[in-house]
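protein-v8.txt, holding compact mmCIF, C-alpha atoms:
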# COMPACT_ATOMS: atom_id res chain seq x y z
CA MET A 231 -19.49 37.28 -111.96
CA PRO A 232 -15.81 36.47 -112.38
CA ALA A 233 -15.10 37.32 -108.72
CA LEU A 234 -17.55 34.68 -107.51
CA ASP A 235 -16.06 32.18 -109.96
CA VAL A 236 -12.63 32.79 -108.48
CA VAL A 237 -14.00 32.28 -104.97
CA ILE A 238 -15.67 28.98 -105.92
CA ALA A 239 -12.59 27.79 -107.74
CA HIS A 240 -10.27 28.47 -104.82
CA PHE A 241 -12.38 28.39 -101.63
CA ASN A 242 -11.09 24.94 -100.64
CA HIS A 243 -7.52 26.04 -101.11
CA TRP A 244 -8.03 29.13 -98.99
CA ILE A 245 -9.58 27.10 -96.19
CA THR A 246 -6.62 24.74 -96.47
CA VAL A 247 -4.27 27.69 -96.07
CA VAL A 248 -6.21 29.07 -93.08
CA LEU A 249 -6.21 25.69 -91.31
CA MET A 250 -2.54 25.13 -92.06
CA VAL A 251 -1.57 28.55 -90.72
CA ALA A 252 -3.73 28.11 -87.62
CA GLY A 253 -2.10 24.75 -86.93
CA LEU A 254 1.34 26.23 -87.47
CA TYR A 255 0.54 29.09 -85.08
CA VAL A 256 -0.64 26.71 -82.36
CA VAL A 257 2.48 24.57 -82.73
CA VAL A 258 4.84 27.56 -82.62
CA ALA A 259 3.13 29.85 -80.13
CA ARG A 260 1.56 27.64 -77.47
CA GLY A 261 3.72 26.16 -74.76
CA ASN A 262 1.35 23.39 -73.72
CA MET A 263 2.40 20.11 -75.28
CA VAL A 264 -1.06 18.55 -75.62
CA LYS A 265 -2.22 21.69 -77.36
CA LYS A 266 0.82 21.56 -79.60
CA LEU A 267 -0.19 18.02 -80.63
CA VAL A 268 -3.77 19.15 -81.35
CA GLY A 269 -2.33 21.94 -83.47
CA LEU A 270 -0.17 19.43 -85.27
CA GLY A 271 -3.36 17.45 -85.95
CA VAL A 272 -5.04 20.52 -87.44
CA PHE A 273 -2.00 21.14 -89.62
CA GLN A 274 -2.07 17.52 -90.74
CA THR A 275 -5.78 17.64 -91.53
CA SER A 276 -5.26 20.69 -93.71
CA VAL A 277 -2.85 18.58 -95.75
CA TYR A 278 -5.59 15.96 -96.20
CA LEU A 279 -7.81 18.69 -97.59
CA LEU A 280 -5.00 19.94 -99.82
CA TYR A 281 -4.62 16.47 -101.35
CA ILE A 282 -8.26 15.45 -101.58
CA SER A 283 -9.75 18.62 -103.06
CA PRO A 284 -7.94 18.53 -106.41
CA GLY A 285 -9.04 14.89 -106.77
CA LYS A 286 -12.72 15.82 -106.90
CA ILE A 287 -14.40 16.11 -110.29
CA PHE A 288 -17.79 17.83 -110.58
CA GLY A 289 -20.32 15.14 -111.47
CA GLY A 290 -17.94 12.36 -110.47
CA THR A 291 -18.60 9.72 -107.86
CA ALA A 292 -16.55 7.74 -105.36
CA PRO A 293 -13.94 5.56 -107.10
CA ILE A 294 -15.74 2.23 -106.79
CA ILE A 295 -16.18 0.81 -110.27
CA ASP A 296 -19.78 0.22 -111.24
CA PRO A 297 -21.32 -0.03 -114.70
CA ARG A 298 -23.82 2.70 -113.89
CA PHE A 299 -21.16 5.41 -113.57
CA THR A 300 -18.52 6.67 -115.92
CA VAL A 301 -16.90 9.60 -114.12
CA TYR A 302 -14.94 8.86 -110.95
CA SER A 303 -13.02 11.12 -108.65
CA ASN A 304 -9.30 10.55 -108.48
CA PRO A 305 -8.46 7.54 -106.25
CA LEU A 306 -4.73 8.18 -105.94
CA PRO A 307 -4.89 11.04 -103.40
CA HIS A 308 -7.33 8.95 -101.38
CA VAL A 309 -4.77 6.17 -101.09
CA LEU A 310 -1.99 8.56 -100.10
CA ILE A 311 -4.12 10.28 -97.46
CA LEU A 312 -5.36 6.96 -96.07
CA THR A 313 -1.72 6.18 -95.40
CA ALA A 314 -1.16 9.64 -93.95
CA ILE A 315 -4.07 9.38 -91.49
CA VAL A 316 -2.92 6.08 -90.05
CA VAL A 317 0.70 7.20 -89.81
CA GLY A 318 -0.63 10.38 -88.21
CA VAL A 319 -2.40 8.52 -85.42
CA ALA A 320 0.71 6.41 -84.86
CA THR A 321 2.89 9.49 -84.43
CA LEU A 322 0.21 11.11 -82.27
CA ALA A 323 0.21 8.11 -79.94
CA LEU A 324 3.99 8.22 -79.72
CA GLY A 325 3.90 11.97 -79.02
CA LEU A 326 1.31 11.55 -76.29
CA ALA A 327 3.38 8.80 -74.70
CA LEU A 328 6.34 11.18 -74.65
CA VAL A 329 4.15 13.88 -73.08
CA VAL A 330 3.14 11.46 -70.33
CA ARG A 331 6.77 10.59 -69.65
CA ILE A 332 7.78 14.26 -69.64
CA ASN A 333 5.00 14.99 -67.18
CA GLU A 334 6.25 12.23 -64.92
CA ALA A 335 9.84 13.39 -65.09
CA TYR A 336 9.28 17.16 -64.74
CA GLY A 337 5.77 17.44 -63.27
CA SER A 338 4.64 19.74 -66.02
CA ILE A 339 3.63 19.75 -69.66
CA GLU A 340 4.27 23.47 -70.18
CA GLU A 341 7.38 24.27 -72.14
CA ASP A 342 7.98 27.50 -70.22
CA GLU A 343 7.93 25.72 -66.87
CA ILE A 344 10.18 22.89 -68.04
CA PHE A 345 12.81 25.13 -69.62
CA GLY A 346 12.60 27.82 -66.95
CA LYS A 347 13.76 25.71 -63.99
CA PRO A 348 17.41 26.65 -63.47
CA ASP A 349 17.25 26.36 -59.66
CA GLU A 350 16.23 22.70 -59.74
CA ASP A 351 19.03 21.74 -62.08
CA GLY A 352 20.46 18.94 -59.95
CA ASP A 353 17.07 17.41 -59.29
CA GLY A 354 16.00 17.69 -62.91
CA GLY A 355 19.33 16.25 -64.09
CA GLY A 356 18.99 13.31 -61.74
CA GLU A 357 15.48 12.60 -62.90
CA SER A 358 16.34 12.87 -66.55
CA SER A 359 19.23 10.44 -66.11
CA GLY A 360 16.74 8.15 -64.38
CA VAL A 361 14.54 8.38 -67.46
CA GLY A 362 17.47 7.48 -69.66
CA SER A 363 18.38 4.41 -67.66
CA ARG A 364 14.86 3.07 -67.49
CA MET B 223 -18.68 25.51 -97.96
CA ALA B 224 -20.70 25.83 -94.78
CA LEU B 225 -18.90 22.75 -93.47
CA LEU B 226 -15.51 24.21 -94.28
CA THR B 227 -16.44 27.45 -92.54
CA MET B 228 -17.54 25.49 -89.48
CA MET B 229 -14.15 23.78 -89.50
CA VAL B 230 -12.45 27.16 -89.38
CA VAL B 231 -14.67 28.15 -86.44
CA ALA B 232 -13.73 24.93 -84.61
CA THR B 233 -10.06 25.65 -85.29
CA PHE B 234 -10.27 29.10 -83.76
CA GLY B 235 -12.03 27.58 -80.77
CA ILE B 236 -9.06 25.22 -80.40
CA LEU B 237 -6.75 28.21 -80.69
CA ARG B 238 -8.44 30.34 -78.07
CA LEU B 239 -9.63 27.93 -75.37
CA GLY B 240 -7.49 27.31 -72.32
CA ASN B 241 -9.28 24.25 -71.02
CA LEU B 242 -7.59 21.30 -72.68
CA PHE B 243 -10.61 19.04 -72.18
CA ALA B 244 -12.70 21.41 -74.30
CA VAL B 245 -9.85 21.59 -76.82
CA VAL B 246 -9.75 17.81 -77.19
CA ILE B 247 -13.52 17.53 -77.62
CA LEU B 248 -13.43 20.33 -80.17
CA GLY B 249 -10.72 18.37 -81.92
CA GLY B 250 -13.14 15.43 -82.13
CA ILE B 251 -15.87 17.66 -83.56
CA TYR B 252 -13.35 19.04 -86.02
CA SER B 253 -12.48 15.51 -87.13
CA PHE B 254 -16.12 14.64 -87.72
CA LEU B 255 -16.58 17.81 -89.77
CA MET B 256 -13.50 16.87 -91.75
CA ALA B 257 -14.93 13.40 -92.36
CA THR B 258 -18.17 14.94 -93.68
CA VAL B 259 -16.21 17.23 -95.98
CA LEU B 260 -14.31 14.20 -97.26
CA VAL B 261 -17.57 12.39 -98.05
CA VAL B 262 -18.68 15.42 -100.04
CA LEU B 263 -15.36 15.27 -101.88
CA ASP B 264 -16.05 11.60 -102.83
CA ALA B 265 -13.30 10.20 -100.63
CA VAL B 266 -15.45 7.69 -98.74
CA ASP B 267 -12.58 5.46 -97.64
CA VAL B 268 -10.65 8.39 -96.27
CA ALA B 269 -13.75 9.78 -94.56
CA MET B 270 -14.34 6.46 -92.82
CA THR B 271 -10.75 6.36 -91.62
CA GLU B 272 -10.84 9.96 -90.47
CA ALA B 273 -14.08 9.41 -88.53
CA SER B 274 -12.84 6.28 -86.78
CA VAL B 275 -9.21 7.31 -86.28
CA GLY B 276 -9.36 11.09 -85.94
CA ALA B 277 -12.54 11.35 -83.93
CA GLY B 278 -12.35 7.97 -82.19
CA ILE B 279 -8.91 6.70 -81.30
CA SER B 280 -7.14 10.09 -81.22
CA THR B 281 -9.73 11.57 -78.88
CA VAL B 282 -9.53 8.54 -76.58
CA LEU B 283 -5.73 8.77 -76.44
CA MET B 284 -5.84 12.53 -75.85
CA LEU B 285 -8.31 12.09 -72.98
CA GLY B 286 -6.12 9.34 -71.54
CA THR B 287 -3.16 11.71 -71.64
CA LEU B 288 -5.18 14.49 -70.02
CA TYR B 289 -6.13 12.12 -67.22
CA LEU B 290 -2.45 11.39 -66.68
CA THR B 291 -1.36 15.02 -66.88
CA LYS B 292 -3.24 18.31 -66.39
CA VAL B 293 -6.46 19.69 -67.79
CA GLU B 294 -5.78 23.43 -67.56
CA GLU B 295 -3.37 25.17 -69.84
CA ALA B 296 -1.12 27.61 -68.01
CA ALA B 297 -1.12 31.23 -69.12
CA PRO B 298 1.92 31.86 -71.29
CA VAL B 299 4.81 33.48 -69.46
CA ARG B 300 5.82 35.70 -72.31
CA ARG B 301 3.64 36.76 -75.17
CA SER B 302 5.52 37.24 -78.36
CA ILE B 303 4.32 38.67 -81.62
CA LEU B 304 6.86 36.67 -83.61
CA PRO B 305 4.83 33.41 -84.03
CA LEU B 306 1.85 35.40 -85.28
CA LEU B 307 4.04 37.22 -87.79
CA ILE B 308 5.57 33.94 -88.97
CA ALA B 309 2.13 32.36 -89.34
CA LEU B 310 0.72 35.33 -91.23
CA GLY B 311 3.76 35.47 -93.49
CA VAL B 312 3.52 31.78 -94.33
CA GLY B 313 -0.22 32.17 -94.87
CA ALA B 314 0.29 35.05 -97.28
CA VAL B 315 2.82 33.10 -99.32
CA LEU B 316 0.58 30.02 -99.42
CA ALA B 317 -2.50 32.05 -100.39
CA TYR B 318 -0.51 33.68 -103.18
CA GLY B 319 0.43 30.18 -104.34
CA THR B 320 -3.20 29.00 -104.53
CA PHE B 321 -3.90 31.27 -107.50
CA ASP B 322 -1.77 29.00 -109.66
CA PHE B 323 -3.87 25.97 -108.69
CA PRO B 324 -6.23 24.55 -111.29
CA PRO B 325 -9.83 25.47 -110.40
CA PHE B 326 -11.72 23.12 -108.09
CA GLY B 327 -13.63 20.19 -109.61
CA VAL B 328 -12.49 20.50 -113.21
CA ALA B 329 -11.79 17.22 -115.00
CA GLU B 330 -9.01 18.71 -117.17
CA ALA B 331 -6.70 19.35 -114.21
CA PRO B 332 -3.26 17.72 -114.58
CA ILE B 333 -3.87 15.44 -111.58
CA HIS B 334 -6.47 13.52 -113.59
CA GLN B 335 -4.32 13.01 -116.69
CA HIS B 336 -1.63 10.50 -115.67
CA VAL B 337 -1.58 6.98 -114.13
CA VAL B 338 -5.09 7.32 -112.72
CA PRO B 339 -7.06 6.72 -115.94
CA ARG B 340 -5.14 3.46 -116.25
CA TYR B 341 -5.99 2.46 -112.67
CA LEU B 342 -9.66 3.23 -113.25
CA ALA B 343 -9.76 1.35 -116.56
CA LYS B 344 -7.72 -1.72 -115.64
CA SER B 345 -8.15 -2.40 -111.93
CA VAL B 346 -11.30 -4.53 -112.15
CA GLU B 347 -9.85 -6.59 -114.97
CA GLU B 348 -6.48 -7.03 -113.28
CA THR B 349 -7.43 -7.45 -109.62
CA MET B 350 -11.19 -8.25 -109.59
CA VAL B 351 -11.63 -5.58 -106.93
CA PRO B 352 -14.15 -2.87 -107.82
CA ASN B 353 -12.98 -0.48 -105.10
CA VAL B 354 -10.07 1.22 -106.83
CA VAL B 355 -8.78 2.66 -103.56
CA THR B 356 -8.34 -0.83 -102.12
CA ALA B 357 -6.78 -2.09 -105.34
CA VAL B 358 -4.24 0.73 -105.50
CA LEU B 359 -3.56 0.56 -101.77
CA ALA B 360 -2.93 -3.15 -101.52
CA SER B 361 -1.72 -4.09 -104.96
CA TYR B 362 -0.37 -1.31 -107.17
CA ARG B 363 1.24 0.47 -104.25
CA GLY B 364 1.75 -2.49 -101.97
CA TYR B 365 5.21 -1.34 -100.90
CA ASP B 366 3.81 1.91 -99.49
CA THR B 367 1.27 0.03 -97.43
CA LEU B 368 3.91 -2.42 -96.20
CA GLY B 369 5.97 0.53 -95.04
CA GLU B 370 2.94 2.07 -93.41
CA THR B 371 2.14 -1.13 -91.54
CA THR B 372 5.73 -1.16 -90.36
CA VAL B 373 5.37 2.43 -89.14
CA ILE B 374 2.33 1.46 -87.07
CA PHE B 375 4.23 -1.55 -85.74
CA THR B 376 7.16 0.68 -84.77
CA ALA B 377 4.90 3.25 -83.13
CA GLY B 378 3.14 0.55 -81.14
CA ILE B 379 6.46 -0.87 -79.94
CA GLY B 380 7.65 2.64 -79.12
CA VAL B 381 4.61 3.45 -76.99
CA LEU B 382 4.91 0.11 -75.20
CA LEU B 383 8.59 0.77 -74.49
CA LEU B 384 7.95 4.31 -73.27
CA LEU B 385 5.03 3.56 -70.99
CA ARG B 386 5.42 -0.07 -69.97
CA GLY B 387 8.34 0.08 -67.54
CA GLY B 388 6.79 3.06 -65.80
CA ARG B 389 5.54 1.53 -62.58
CA LYS B 390 8.89 -0.09 -61.95
CA GLY B 391 10.60 3.23 -62.62
CA ALA B 392 8.16 5.11 -60.39
CA GLY B 393 8.82 2.60 -57.63
CA ALA B 394 12.57 3.05 -57.99
CA ARG B 395 12.13 6.81 -57.86
CA GLY B 396 9.92 6.50 -54.79
CA SER B 397 12.57 4.41 -53.02
CA LYS B 398 15.23 6.91 -54.04
CA GLU B 399 13.21 9.66 -52.44
CA GLY B 400 13.21 7.69 -49.20
CA GLY B 401 10.11 5.57 -49.75
CA ALA B 402 7.84 8.60 -49.89
CA MET C 1400 -19.45 3.44 -65.02
CA LYS C 1401 -20.00 -0.19 -64.10
CA HIS C 1402 -23.18 0.64 -62.19
CA ASP C 1403 -25.03 2.54 -64.86
CA LEU C 1404 -27.68 0.09 -66.03
CA ILE C 1405 -28.54 1.84 -69.29
CA LEU C 1406 -24.95 2.06 -70.39
CA ARG C 1407 -24.21 -1.51 -69.38
CA VAL C 1408 -27.17 -3.05 -71.21
CA GLY C 1409 -26.91 -0.71 -74.18
CA VAL C 1410 -23.24 -1.40 -74.68
CA LYS C 1411 -23.80 -5.11 -74.29
CA LEU C 1412 -26.29 -4.95 -77.14
CA LEU C 1413 -23.97 -2.79 -79.21
CA LEU C 1414 -20.75 -4.78 -78.90
CA PRO C 1415 -21.52 -7.77 -81.18
CA PHE C 1416 -22.75 -5.45 -83.88
CA MET C 1417 -19.60 -3.38 -83.66
CA LEU C 1418 -17.52 -6.50 -84.17
CA LEU C 1419 -19.79 -7.57 -87.01
CA PHE C 1420 -19.42 -4.13 -88.59
CA ALA C 1421 -15.65 -4.37 -88.27
CA LEU C 1422 -15.66 -7.73 -90.04
CA TYR C 1423 -18.06 -6.39 -92.68
CA VAL C 1424 -15.78 -3.44 -93.32
CA GLN C 1425 -12.84 -5.84 -93.53
CA PHE C 1426 -14.32 -8.37 -95.93
CA HIS C 1427 -16.49 -6.01 -97.93
CA GLY C 1428 -13.61 -3.57 -98.38
CA ASP C 1429 -13.07 -4.87 -101.90
CA PHE C 1430 -16.51 -3.80 -103.03
CA GLY C 1431 -17.38 -0.80 -100.90
CA PRO C 1432 -15.52 1.67 -98.77
CA GLY C 1433 -13.37 0.08 -96.12
CA GLY C 1434 -10.38 -2.15 -95.65
CA GLY C 1435 -7.86 -3.30 -93.11
CA PHE C 1436 -7.21 0.05 -91.41
CA GLN C 1437 -10.79 1.01 -90.82
CA ALA C 1438 -11.77 -2.50 -89.71
CA GLY C 1439 -8.79 -2.68 -87.36
CA VAL C 1440 -9.65 0.63 -85.76
CA ILE C 1441 -13.32 -0.31 -85.35
CA ALA C 1442 -12.38 -3.62 -83.74
CA ALA C 1443 -10.04 -1.78 -81.39
CA ALA C 1444 -12.82 0.71 -80.64
CA MET C 1445 -15.01 -2.21 -79.58
CA VAL C 1446 -12.38 -3.36 -77.08
CA ILE C 1447 -11.96 0.22 -75.86
CA LEU C 1448 -15.71 0.63 -75.33
CA TYR C 1449 -15.79 -2.62 -73.37
CA ALA C 1450 -12.87 -1.44 -71.26
CA VAL C 1451 -14.49 1.94 -70.62
CA ILE C 1452 -17.66 0.35 -69.28
CA TRP C 1453 -16.35 -2.72 -67.43
CA GLY C 1454 -12.84 -1.59 -66.66
CA VAL C 1455 -9.49 -2.49 -68.20
CA PRO C 1456 -8.94 -5.66 -66.13
CA ALA C 1457 -12.20 -7.13 -67.49
CA ALA C 1458 -11.20 -6.19 -71.02
CA ARG C 1459 -7.82 -7.82 -70.49
CA ARG C 1460 -9.51 -11.05 -69.53
CA VAL C 1461 -11.41 -11.02 -72.83
CA VAL C 1462 -8.54 -9.78 -74.99
CA PRO C 1463 -5.34 -10.57 -73.10
CA MET C 1464 -2.32 -8.35 -73.46
CA GLY C 1465 -0.19 -11.28 -74.59
CA LEU C 1466 -2.47 -11.84 -77.59
CA VAL C 1467 -2.52 -8.14 -78.43
CA GLU C 1468 1.26 -7.95 -78.22
CA ARG C 1469 1.63 -10.90 -80.55
CA MET C 1470 -0.84 -9.37 -83.00
CA ILE C 1471 1.38 -6.31 -83.57
CA PRO C 1472 4.27 -8.17 -85.29
CA ALA C 1473 2.01 -10.95 -86.62
CA GLY C 1474 0.25 -8.57 -89.02
CA VAL C 1475 3.52 -7.26 -90.40
CA LEU C 1476 4.68 -10.84 -90.81
CA ILE C 1477 1.50 -11.79 -92.69
CA TYR C 1478 2.01 -8.84 -95.01
CA ALA C 1479 5.70 -9.49 -95.57
CA GLY C 1480 5.05 -13.24 -95.80
CA THR C 1481 2.61 -12.66 -98.65
CA GLY C 1482 5.40 -10.86 -100.44
CA VAL C 1483 7.85 -13.66 -99.74
CA MET C 1484 5.33 -16.21 -101.01
CA GLY C 1485 5.13 -14.34 -104.29
CA LEU C 1486 8.92 -14.48 -104.37
CA ALA C 1487 8.93 -18.23 -103.69
CA LEU C 1488 6.41 -18.92 -106.43
CA GLY C 1489 8.58 -17.22 -109.02
CA GLY C 1490 7.31 -13.65 -109.07
CA ASN C 1491 8.72 -10.43 -107.69
CA TYR C 1492 8.32 -9.37 -104.06
CA LEU C 1493 4.65 -8.52 -103.35
CA ASP C 1494 3.65 -9.85 -106.77
CA TYR C 1495 0.25 -11.48 -106.35
CA PHE C 1496 -0.17 -12.72 -109.92
CA VAL C 1497 1.59 -15.98 -109.13
CA LEU C 1498 -0.37 -16.91 -106.00
CA LEU C 1499 -3.18 -18.74 -107.77
CA HIS C 1500 -3.77 -20.38 -111.14
CA ASP C 1501 -4.92 -17.22 -112.91
CA PRO C 1502 -3.51 -13.74 -112.33
CA ALA C 1503 -6.70 -11.86 -111.45
CA HIS C 1504 -7.71 -14.36 -108.78
CA GLY C 1505 -4.17 -14.28 -107.46
CA GLN C 1506 -4.46 -10.51 -107.15
CA GLU C 1507 -7.75 -10.82 -105.33
CA TRP C 1508 -6.35 -13.25 -102.79
CA GLY C 1509 -3.14 -11.29 -102.43
CA ILE C 1510 -5.10 -8.15 -101.60
CA PHE C 1511 -7.18 -10.15 -99.15
CA ALA C 1512 -4.06 -11.48 -97.42
CA VAL C 1513 -2.34 -8.12 -97.04
CA GLU C 1514 -5.56 -6.49 -95.82
CA ALA C 1515 -5.78 -9.21 -93.20
CA GLY C 1516 -2.21 -8.43 -92.16
CA VAL C 1517 -3.01 -4.72 -91.91
CA PHE C 1518 -6.12 -5.50 -89.85
CA VAL C 1519 -4.17 -7.61 -87.37
CA THR C 1520 -1.43 -5.03 -86.87
CA VAL C 1521 -3.72 -2.02 -86.63
CA SER C 1522 -6.20 -3.54 -84.20
CA GLY C 1523 -3.40 -5.00 -82.08
CA THR C 1524 -1.46 -1.73 -81.96
CA MET C 1525 -4.46 0.43 -81.14
CA THR C 1526 -5.60 -1.91 -78.38
CA ALA C 1527 -2.09 -2.17 -76.96
CA ILE C 1528 -1.65 1.60 -76.97
CA PHE C 1529 -5.00 2.03 -75.24
CA TYR C 1530 -4.14 -0.56 -72.59
CA THR C 1531 -0.81 1.06 -71.81
CA PHE C 1532 -2.35 4.54 -71.56
CA ALA C 1533 -5.28 3.34 -69.45
CA GLU C 1534 -3.19 1.33 -67.02
CA ARG C 1535 -0.65 4.02 -66.43
CA GLU C 1536 -0.87 5.31 -62.88
CA ARG C 1537 -0.99 8.99 -62.24
Kindly transcribe the structure held in the file into structure tokens.
Amino acid sequence: MPALDVVIAHFNHWITVVLMVAGLYVVVARGNMVKKLVGLGVFQTSVYLLYISPGKIFGGTAPIIDPRFTVYSNPLPHVLILTAIVVGVATLALGLALVVRINEAYGSIEEDEIFGKPDEDGDGGGESSGVGSR
Amino acid sequence: MALLTMMVVATFGILRLGNLFAVVILGGIYSFLMATVLVVLDAVDVAMTEASVGAGISTVLMLGTLYLTKVEEAAPVRRSILPLLIALGVGAVLAYGTFDFPPFGVAEAPIHQHVVPRYLAKSVEETMVPNVVTAVLASYRGYDTLGETTVIFTAGIGVLLLLRGGRKGAGARGSKEGGA
Amino acid sequence: MKHDLILRVGVKLLLPFMLLFALYVQFHGDFGPGGGFQAGVIAAAMVILYAVIWGVPAARRVVPMGLVERMIPAGVLIYAGTGVMGLALGGNYLDYFVLLHDPAHGQEWGIFAVEAGVFVTVSGTMTAIFYTFAERER
């Protein structure tokens, strides 16, 4: 069954691609900023999968050295992704803080509503300058 | 494989739902599924971090933001086919690229040939730490982790700067609007 | 949620074990899964749980904002200071071989020190971020 072999060999990669594309779509298509950040999270998580799956070896175990085991999965991607997760939550927190400030300044977290307010230009300008000076 | 399929289902739930509260909770479920997948893939350290950070702290922060903003997502003003086309195009290119990947779980893949055998062979002898992930994180790649700690530091300071002066600013705005 | 008896008692029972688990993850990170990041996040989660049940002012009495704010740079300083100590003892920056009499022990203690630094920064940052989000008025 060569077809099944191909599926087993690449299933993780395909899921990675699907998650990455879904995250990209949410980030590009949705106007809501919280949803954009969730989409960014999905995108980011697909990258974790992309890095961790090649590190796995069939029959291997977690990379904690013990005399009873000889085959270990690859620890290097684990280290890189550990870094990525923590940096990810830091950027997420910063993004959410910006969303809160945007909501306070414009009263909305929808991109369409924020960009489509030409009649309140003076008010919006005044508020945004207030944000800058704070 | 079932877990990975469930993750895709959760992702499409995130894509379709309009209630942001449900989206955030689904995001938490998604993170837990991801953590389970990572355990299966032998990345226990990463799984632990993903479970505590992705499902814990991120969800709490998201809910805090929702409390401060709005729960319902507005219907999009204009629906455009362009983002879907971009996403599908990127997906097609990436899927084409996966066929050049070495098959999953094979020990002969190039990723297992360099540096790592040395880490696995020498780390106990050189650092007395059996957990190779910790040894590489803190010792062999200490600069990376220093930079990462600095990133967290910077993000923390940034959030404090963005949200701390708020009440004073809100008060100033209230007085500008005639003490409303 | 202050008036829900089950939550209040249950959380009260849970809190010390969460802190213990955080410390276990921190100090056992050399031998099992875990390390500074995970332990820091779990410790912050304990503070967050306390704040969710008893309110942020109560949590701020236990873990004051001033302490949390000092923890953020303190961790980075511990990390960078470990590097500088290696420099002062004649090695390169972030070289742990020189910290103690024999290289392997030096490595072990160096890893311990930087993990402690990471723990302090991560737990401080997460708690501070939570406080600022929770105290923000609508």
For the interface of chain C with chain B (cut-off 9 Å, counting all atoms listed in the file), please tabulate each contacting residue of chain C alongside its nearest pair of atoms and their separation in Å to one decimal, rows sorted by chain and increasing number, as a Markdown table.
| residue | atom | partner | partner_atom | distance |
| --- | --- | --- | --- | --- |
| C:Gly1428 | CA | B:Thr356 | CA | 7.0 |
| C:Asp1429 | CA | B:Val351 | CA | 5.3 |
| C:Phe1430 | CA | B:Asn353 | CA | 5.3 |
| C:Gly1431 | CA | B:Asn353 | CA | 6.1 |
| C:Pro1432 | CA | B:Asp267 | CA | 4.9 |
| C:Gly1433 | CA | B:Asp267 | CA | 5.6 |
| C:Gly1434 | CA | B:Thr356 | CA | 6.9 |
| C:Phe1436 | CA | B:Thr271 | CA | 7.2 |
| C:Gln1437 | CA | B:Thr271 | CA | 5.4 |
| C:Val1440 | CA | B:Ser274 | CA | 6.6 |
| C:Ile1441 | CA | B:Ser274 | CA | 6.8 |
| C:Ala1443 | CA | B:Ile279 | CA | 8.6 |
| C:Ala1444 | CA | B:Ile279 | CA | 7.2 |
| C:Ile1447 | CA | B:Val282 | CA | 8.7 |
| C:Glu1468 | CA | B:Ile379 | CA | 9.0 |
| C:Ile1471 | CA | B:Phe375 | CA | 6.0 |
| C:Pro1472 | CA | B:Phe375 | CA | 6.6 |
| C:Gly1474 | CA | B:Thr371 | CA | 8.1 |
| C:Val1475 | CA | B:Thr371 | CA | 6.4 |
| C:Tyr1478 | CA | B:Leu368 | CA | 6.8 |
| C:Ala1479 | CA | B:Leu368 | CA | 7.3 |
| C:Leu1493 | CA | B:Gly364 | CA | 6.8 |
| C:Asp1494 | CA | B:Ser361 | CA | 8.1 |
| C:Tyr1495 | CA | B:Ser361 | CA | 7.8 |
| C:Phe1496 | CA | B:Thr349 | CA | 9.0 |
| C:Pro1502 | CA | B:Glu348 | CA | 7.4 |
| C:Ala1503 | CA | B:Thr349 | CA | 4.8 |
| C:His1504 | CA | B:Thr349 | CA | 7.0 |
| C:Gly1505 | CA | B:Thr349 | CA | 7.9 |
| C:Gln1506 | CA | B:Thr349 | CA | 4.9 |
| C:Glu1507 | CA | B:Thr349 | CA | 5.5 |
| C:Gly1509 | CA | B:Ser361 | CA | 7.8 |
| C:Ile1510 | CA | B:Ala360 | CA | 5.5 |
| C:Phe1511 | CA | B:Ala360 | CA | 8.5 |
| C:Val1513 | CA | B:Ala360 | CA | 6.7 |
| C:Glu1514 | CA | B:Ala360 | CA | 7.1 |
| C:Gly1516 | CA | B:Thr371 | CA | 8.5 |
| C:Val1517 | CA | B:Thr371 | CA | 6.3 |
| C:Thr1520 | CA | B:Phe375 | CA | 6.7 |
| C:Val1521 | CA | B:Ile374 | CA | 7.0 |
| C:Gly1523 | CA | B:Gly378 | CA | 8.6 |
| C:Thr1524 | CA | B:Gly378 | CA | 5.2 |
| C:Met1525 | CA | B:Gly378 | CA | 7.6 |
| C:Ala1527 | CA | B:Gly378 | CA | 7.2 |
| C:Ile1528 | CA | B:Gly378 | CA | 6.4 |
| C:Phe1529 | CA | B:Leu283 | CA | 6.9 |
| C:Thr1531 | CA | B:Leu385 | CA | 6.4 |
| C:Phe1532 | CA | B:Gly286 | CA | 6.1 |
| C:Ala1533 | CA | B:Gly286 | CA | 6.4 |
| C:Arg1535 | CA | B:Leu385 | CA | 7.3 |
| C:Glu1536 | CA | B:Leu290 | CA | 7.3 |
| C:Arg1537 | CA | B:Leu290 | CA | 5.3 |
Could you work out how far CA of Leu1413 (chain C) lies from CA of Met1470 (chain C), giving the answer in Å with one decimal?
24.3 Å
Give me the residues within 7 Å of Thr246 (chain A) as a short mmCIF file (atom, residue, chain, number, x, y, z; two decimals) with C-alpha atoms, in the frame of the given file, counting only C-alpha atoms and dropping any in the same chain fewer than 2 places off.
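Contents of the output file out-v4.cif:
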data_model
loop_
_atom_site.label_atom_id
_atom_site.label_comp_id
_atom_site.auth_asym_id
_atom_site.auth_seq_id
_atom_site.Cartn_x
_atom_site.Cartn_y
_atom_site.Cartn_z
CA ASN A 242 -11.09 24.94 -100.64
CA HIS A 243 -7.52 26.04 -101.11
CA TRP A 244 -8.03 29.13 -98.99
CA VAL A 248 -6.21 29.07 -93.08
CA LEU A 249 -6.21 25.69 -91.31
CA MET A 250 -2.54 25.13 -92.06
CA SER A 276 -5.26 20.69 -93.71
CA LEU A 279 -7.81 18.69 -97.59
CA LEU A 280 -5.00 19.94 -99.82
#
Work out how far apart CA of Thr227 (chain B) and CA of Val246 (chain B) are and give it in Å to one decimal.
19.3 Å
